[in-house]
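Colleague: The following file, protein_20.cif, comprises mmCIF, C-alpha atoms; chains and numbers go by the auth columns:
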data_model
loop_
_atom_site.group_PDB
_atom_site.id
_atom_site.type_symbol
_atom_site.label_atom_id
_atom_site.label_comp_id
_atom_site.label_asym_id
_atom_site.label_seq_id
_atom_site.Cartn_x
_atom_site.Cartn_y
_atom_site.Cartn_z
_atom_site.B_iso_or_equiv
_atom_site.auth_seq_id
_atom_site.auth_asym_id
ATOM 1 C CA MET A 1 4.322 -18.130 21.110 0.00 1 A
ATOM 2 C CA GLU A 2 8.087 -18.239 21.258 0.00 2 A
ATOM 3 C CA ASN A 3 9.784 -15.716 23.561 0.00 3 A
ATOM 4 C CA ARG A 4 11.910 -13.253 21.695 0.00 4 A
ATOM 5 C CA ASP A 5 13.764 -10.140 22.648 0.00 5 A
ATOM 6 C CA LEU A 6 12.905 -7.053 20.673 0.00 6 A
ATOM 7 C CA LEU A 7 15.506 -5.180 18.716 0.00 7 A
ATOM 8 C CA VAL A 8 14.071 -1.816 17.663 0.00 8 A
ATOM 9 C CA ILE A 9 15.779 0.450 15.144 0.00 9 A
ATOM 10 C CA SER A 10 14.501 3.539 13.367 0.00 10 A
ATOM 11 C CA ASP A 11 15.425 6.527 11.269 0.00 11 A
ATOM 12 C CA LEU A 12 17.975 4.703 9.137 0.00 12 A
ATOM 13 C CA HIS A 13 17.153 6.734 6.014 0.00 13 A
ATOM 14 C CA LEU A 14 18.892 4.169 3.801 0.00 14 A
ATOM 15 C CA GLY A 15 19.545 5.680 0.405 0.00 15 A
ATOM 16 C CA GLU A 16 20.251 9.160 1.728 0.00 16 A
ATOM 17 C CA GLY A 17 23.295 10.374 -0.128 0.00 17 A
ATOM 18 C CA LEU A 18 23.121 7.509 -2.607 0.00 18 A
ATOM 19 C CA GLY A 19 25.957 7.925 -5.061 0.00 19 A
ATOM 20 C CA GLN A 20 27.830 10.417 -2.898 0.00 20 A
ATOM 21 C CA ARG A 21 29.378 7.814 -0.576 0.00 21 A
ATOM 22 C CA GLU A 22 30.862 10.148 2.007 0.00 22 A
ATOM 23 C CA ARG A 23 33.345 8.556 4.387 0.00 23 A
ATOM 24 C CA LYS A 24 31.066 9.228 7.388 0.00 24 A
ATOM 25 C CA THR A 25 28.112 7.577 5.634 0.00 25 A
ATOM 26 C CA GLU A 26 30.198 4.537 4.691 0.00 26 A
ATOM 27 C CA HIS A 27 31.327 4.187 8.322 0.00 27 A
ATOM 28 C CA LEU A 28 27.738 4.363 9.613 0.00 28 A
ATOM 29 C CA GLU A 29 26.616 1.799 7.036 0.00 29 A
ATOM 30 C CA GLN A 30 29.406 -0.554 8.146 0.00 30 A
ATOM 31 C CA GLN A 31 28.390 -0.092 11.787 0.00 31 A
ATOM 32 C CA LEU A 32 24.779 -0.936 10.946 0.00 32 A
ATOM 33 C CA VAL A 33 25.826 -4.145 9.188 0.00 33 A
ATOM 34 C CA GLN A 34 28.065 -5.103 12.137 0.00 34 A
ATOM 35 C CA PHE A 35 25.227 -4.371 14.577 0.00 35 A
ATOM 36 C CA LEU A 36 22.766 -6.533 12.643 0.00 36 A
ATOM 37 C CA ASP A 37 25.319 -9.336 12.178 0.00 37 A
ATOM 38 C CA HIS A 38 26.139 -9.308 15.887 0.00 38 A
ATOM 39 C CA HIS A 39 22.501 -9.816 16.856 0.00 39 A
ATOM 40 C CA ARG A 40 21.880 -12.329 14.080 0.00 40 A
ATOM 41 C CA LEU A 41 24.815 -14.491 15.192 0.00 41 A
ATOM 42 C CA ASP A 42 24.702 -14.158 19.003 0.00 42 A
ATOM 43 C CA GLY A 43 22.394 -17.145 19.482 0.00 43 A
ATOM 44 C CA ALA A 44 19.485 -15.187 20.938 0.00 44 A
ATOM 45 C CA SER A 45 16.065 -15.140 19.366 0.00 45 A
ATOM 46 C CA TRP A 46 15.586 -11.557 18.239 0.00 46 A
ATOM 47 C CA ARG A 47 12.530 -9.962 16.670 0.00 47 A
ATOM 48 C CA LEU A 48 13.616 -7.000 14.576 0.00 48 A
ATOM 49 C CA VAL A 49 11.232 -4.044 14.627 0.00 49 A
ATOM 50 C CA ILE A 50 11.864 -1.270 12.139 0.00 50 A
ATOM 51 C CA ASN A 51 10.140 1.738 13.639 0.00 51 A
ATOM 52 C CA GLY A 52 9.807 3.974 10.609 0.00 52 A
ATOM 53 C CA ASP A 53 11.987 5.905 8.199 0.00 53 A
ATOM 54 C CA MET A 54 14.011 2.921 7.031 0.00 54 A
ATOM 55 C CA LEU A 55 14.298 4.155 3.455 0.00 55 A
ATOM 56 C CA GLU A 56 14.937 7.601 2.046 0.00 56 A
ATOM 57 C CA LEU A 57 13.418 7.636 -1.424 0.00 57 A
ATOM 58 C CA ILE A 58 12.438 11.296 -1.570 0.00 58 A
ATOM 59 C CA GLY A 59 16.028 12.406 -1.090 0.00 59 A
ATOM 60 C CA VAL A 60 17.383 10.012 -3.714 0.00 60 A
ATOM 61 C CA THR A 61 18.267 11.891 -6.872 0.00 61 A
ATOM 62 C CA LEU A 62 19.029 9.612 -9.784 0.00 62 A
ATOM 63 C CA MET A 63 18.779 10.134 -13.497 0.00 63 A
ATOM 64 C CA PRO A 64 17.304 7.358 -15.653 0.00 64 A
ATOM 65 C CA SER A 65 20.729 6.673 -17.158 0.00 65 A
ATOM 66 C CA GLU A 66 22.078 5.891 -13.654 0.00 66 A
ATOM 67 C CA VAL A 67 19.633 3.004 -13.246 0.00 67 A
ATOM 68 C CA GLY A 68 19.761 1.837 -16.861 0.00 68 A
ATOM 69 C CA TRP A 69 16.078 2.464 -17.539 0.00 69 A
ATOM 70 C CA VAL A 70 14.521 4.863 -20.009 0.00 70 A
ATOM 71 C CA ALA A 71 11.225 3.472 -21.344 0.00 71 A
ATOM 72 C CA GLY A 72 7.958 4.170 -19.585 0.00 72 A
ATOM 73 C CA LEU A 73 9.139 7.051 -17.421 0.00 73 A
ATOM 74 C CA HIS A 74 7.438 10.417 -17.212 0.00 74 A
ATOM 75 C CA HIS A 75 9.196 13.173 -19.189 0.00 75 A
ATOM 76 C CA HIS A 76 9.925 15.017 -15.901 0.00 76 A
ATOM 77 C CA ASP A 77 11.966 12.006 -14.749 0.00 77 A
ATOM 78 C CA HIS A 78 14.311 12.551 -17.693 0.00 78 A
ATOM 79 C CA HIS A 79 14.687 16.247 -16.993 0.00 79 A
ATOM 80 C CA TYR A 80 14.690 16.485 -13.172 0.00 80 A
ATOM 81 C CA GLY A 81 15.657 12.954 -12.139 0.00 81 A
ATOM 82 C CA LEU A 82 13.502 10.073 -10.972 0.00 82 A
ATOM 83 C CA GLY A 83 10.465 11.304 -9.119 0.00 83 A
ATOM 84 C CA GLY A 84 7.723 9.695 -7.089 0.00 84 A
ATOM 85 C CA ARG A 85 5.604 7.962 -9.724 0.00 85 A
ATOM 86 C CA ALA A 86 5.360 4.192 -9.375 0.00 86 A
ATOM 87 C CA LEU A 87 8.012 3.160 -11.906 0.00 87 A
ATOM 88 C CA ALA A 88 10.492 5.840 -10.830 0.00 88 A
ATOM 89 C CA ALA A 89 9.998 4.982 -7.148 0.00 89 A
ATOM 90 C CA ALA A 90 10.507 1.271 -7.885 0.00 90 A
ATOM 91 C CA LEU A 91 13.764 2.059 -9.704 0.00 91 A
ATOM 92 C CA LYS A 92 14.965 4.195 -6.786 0.00 92 A
ATOM 93 C CA LEU A 93 14.039 1.430 -4.341 0.00 93 A
ATOM 94 C CA GLN A 94 15.979 -1.086 -6.431 0.00 94 A
ATOM 95 C CA ALA A 95 19.022 1.224 -6.399 0.00 95 A
ATOM 96 C CA VAL A 96 18.832 1.608 -2.601 0.00 96 A
ATOM 97 C CA VAL A 97 18.531 -2.162 -2.059 0.00 97 A
ATOM 98 C CA GLU A 98 21.485 -2.835 -4.371 0.00 98 A
ATOM 99 C CA HIS A 99 23.497 -0.129 -2.613 0.00 99 A
ATOM 100 C CA GLN A 100 22.623 -1.553 0.826 0.00 100 A
ATOM 101 C CA GLN A 101 22.899 -5.254 -0.070 0.00 101 A
ATOM 102 C CA ASP A 102 24.650 -6.138 3.191 0.00 102 A
ATOM 103 C CA VAL A 103 21.806 -4.628 5.236 0.00 103 A
ATOM 104 C CA PHE A 104 19.065 -6.404 3.315 0.00 104 A
#
Can I see the file as structure tokens?
Modeller:
Amino acid sequence: MENRDLLVISDLHLGEGLGQRERKTEHLEQQLVQFLDHHRLDGASWRLVINGDMLELIGVTLMPSEVGWVAGLHHHDHHYGLGGRALAAALKLQAVVEHQQDVF
């Protein structure tokens, strides 16, 4: 097995504040991308370990119109915002990944 140094990160909560884009959040997101780029490009052989809480889907509040999807959602999703059912969670995940493209 190839020797690799471990790079462990946790508690990123990507997606928290999705749509709000506070200046502090933007700065932290930029720092995360710079951190990952630094280790990706430094020539070492890193093994990235994500030690939990990478995504924050529970705290993501999006209405169906914000993700461009209406069909197949539960009626609560239209009234309260996307919830935790499979389709709604997949749409929230897609929004987080698109929002955090540089990280992924």
Colleague: Could you tell me, as a compact mmCIF listing (two decimals) with C-alpha atoms, in the frame of the given file, exactly which residues end up selected when the PyMOL selection byres ((chain A and resi 10-25) around 6) is applied to this structure?
Modeller:
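expr_16.txt, freshly written:
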# COMPACT_ATOMS: atom_id res chain seq x y z
CA ILE A 9 15.78 0.45 15.14
CA GLU A 26 30.20 4.54 4.69
CA HIS A 27 31.33 4.19 8.32
CA LEU A 28 27.74 4.36 9.61
CA ILE A 50 11.86 -1.27 12.14
CA ASN A 51 10.14 1.74 13.64
CA GLY A 52 9.81 3.97 10.61
CA ASP A 53 11.99 5.90 8.20
CA MET A 54 14.01 2.92 7.03
CA LEU A 55 14.30 4.16 3.46
CA GLU A 56 14.94 7.60 2.05
CA VAL A 96 18.83 1.61 -2.60
Colleague: Tell me which of A:Leu48, A:Leu57, A:Met63, A:Leu73 sits closest to Leu6 of chain A, counting all atoms listed in the file.
Modeller: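 Among the listed residues, the smallest separation from Leu6 of chain A belongs to A:Leu48.
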Colleague: Could you tell me which residues the PyMOL selection byres ((chain A and resi 30-44) around 8) grabs in this file, written as number ranges by chain?
Modeller: A: 4-5, 26-29, 45-46, 102-103
Colleague: May I ask which of the residues A:Val49, A:His79, A:Val60, A:Leu7 is the closest one to Gln94 of chain A, counting all atoms listed in the file?
Modeller: A:Val60
Colleague: Tell me which residues the PyMOL selection byres ((chain A and resi 92) around 9) grabs here, as number ranges by chain.
Modeller: A: 15, 57, 60-62, 67, 82-83, 87-91, 93-97
Colleague: Hey, can you check how far atom CA of Gly72 of chain A sits from atom CA of Gln100 of chain A?
Modeller: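 Computed distance, atom CA of Gly72 of chain A to atom CA of Gln100 of chain A, equals 25.8 Å.
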Colleague: When you count all atoms listed in the file, which of these residues is closest to His78 of chain A: A:Val8, A:Glu98, A:Ser65, A:Phe104?
Modeller: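 The closest residue to His78 of chain A is A:Ser65.
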Colleague: When you draw a straight line from atom CA of His75 of chain A to atom CA of His99 of chain A, how long is it in Å?
Modeller: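 So the two atoms, atom CA of His75 of chain A and atom CA of His99 of chain A, lie 25.6 Å apart.
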Colleague: Please, what is the axis-aligned box for every listed atom of segment 16-35 of chain A with 8 Å on each side, as centre and edge lengths in Å to one decimal, as JSON?
Modeller:
{"center_x": 26.8, "center_y": 2.7, "center_z": 4.8, "size_x": 29.1, "size_y": 31.5, "size_z": 35.6}
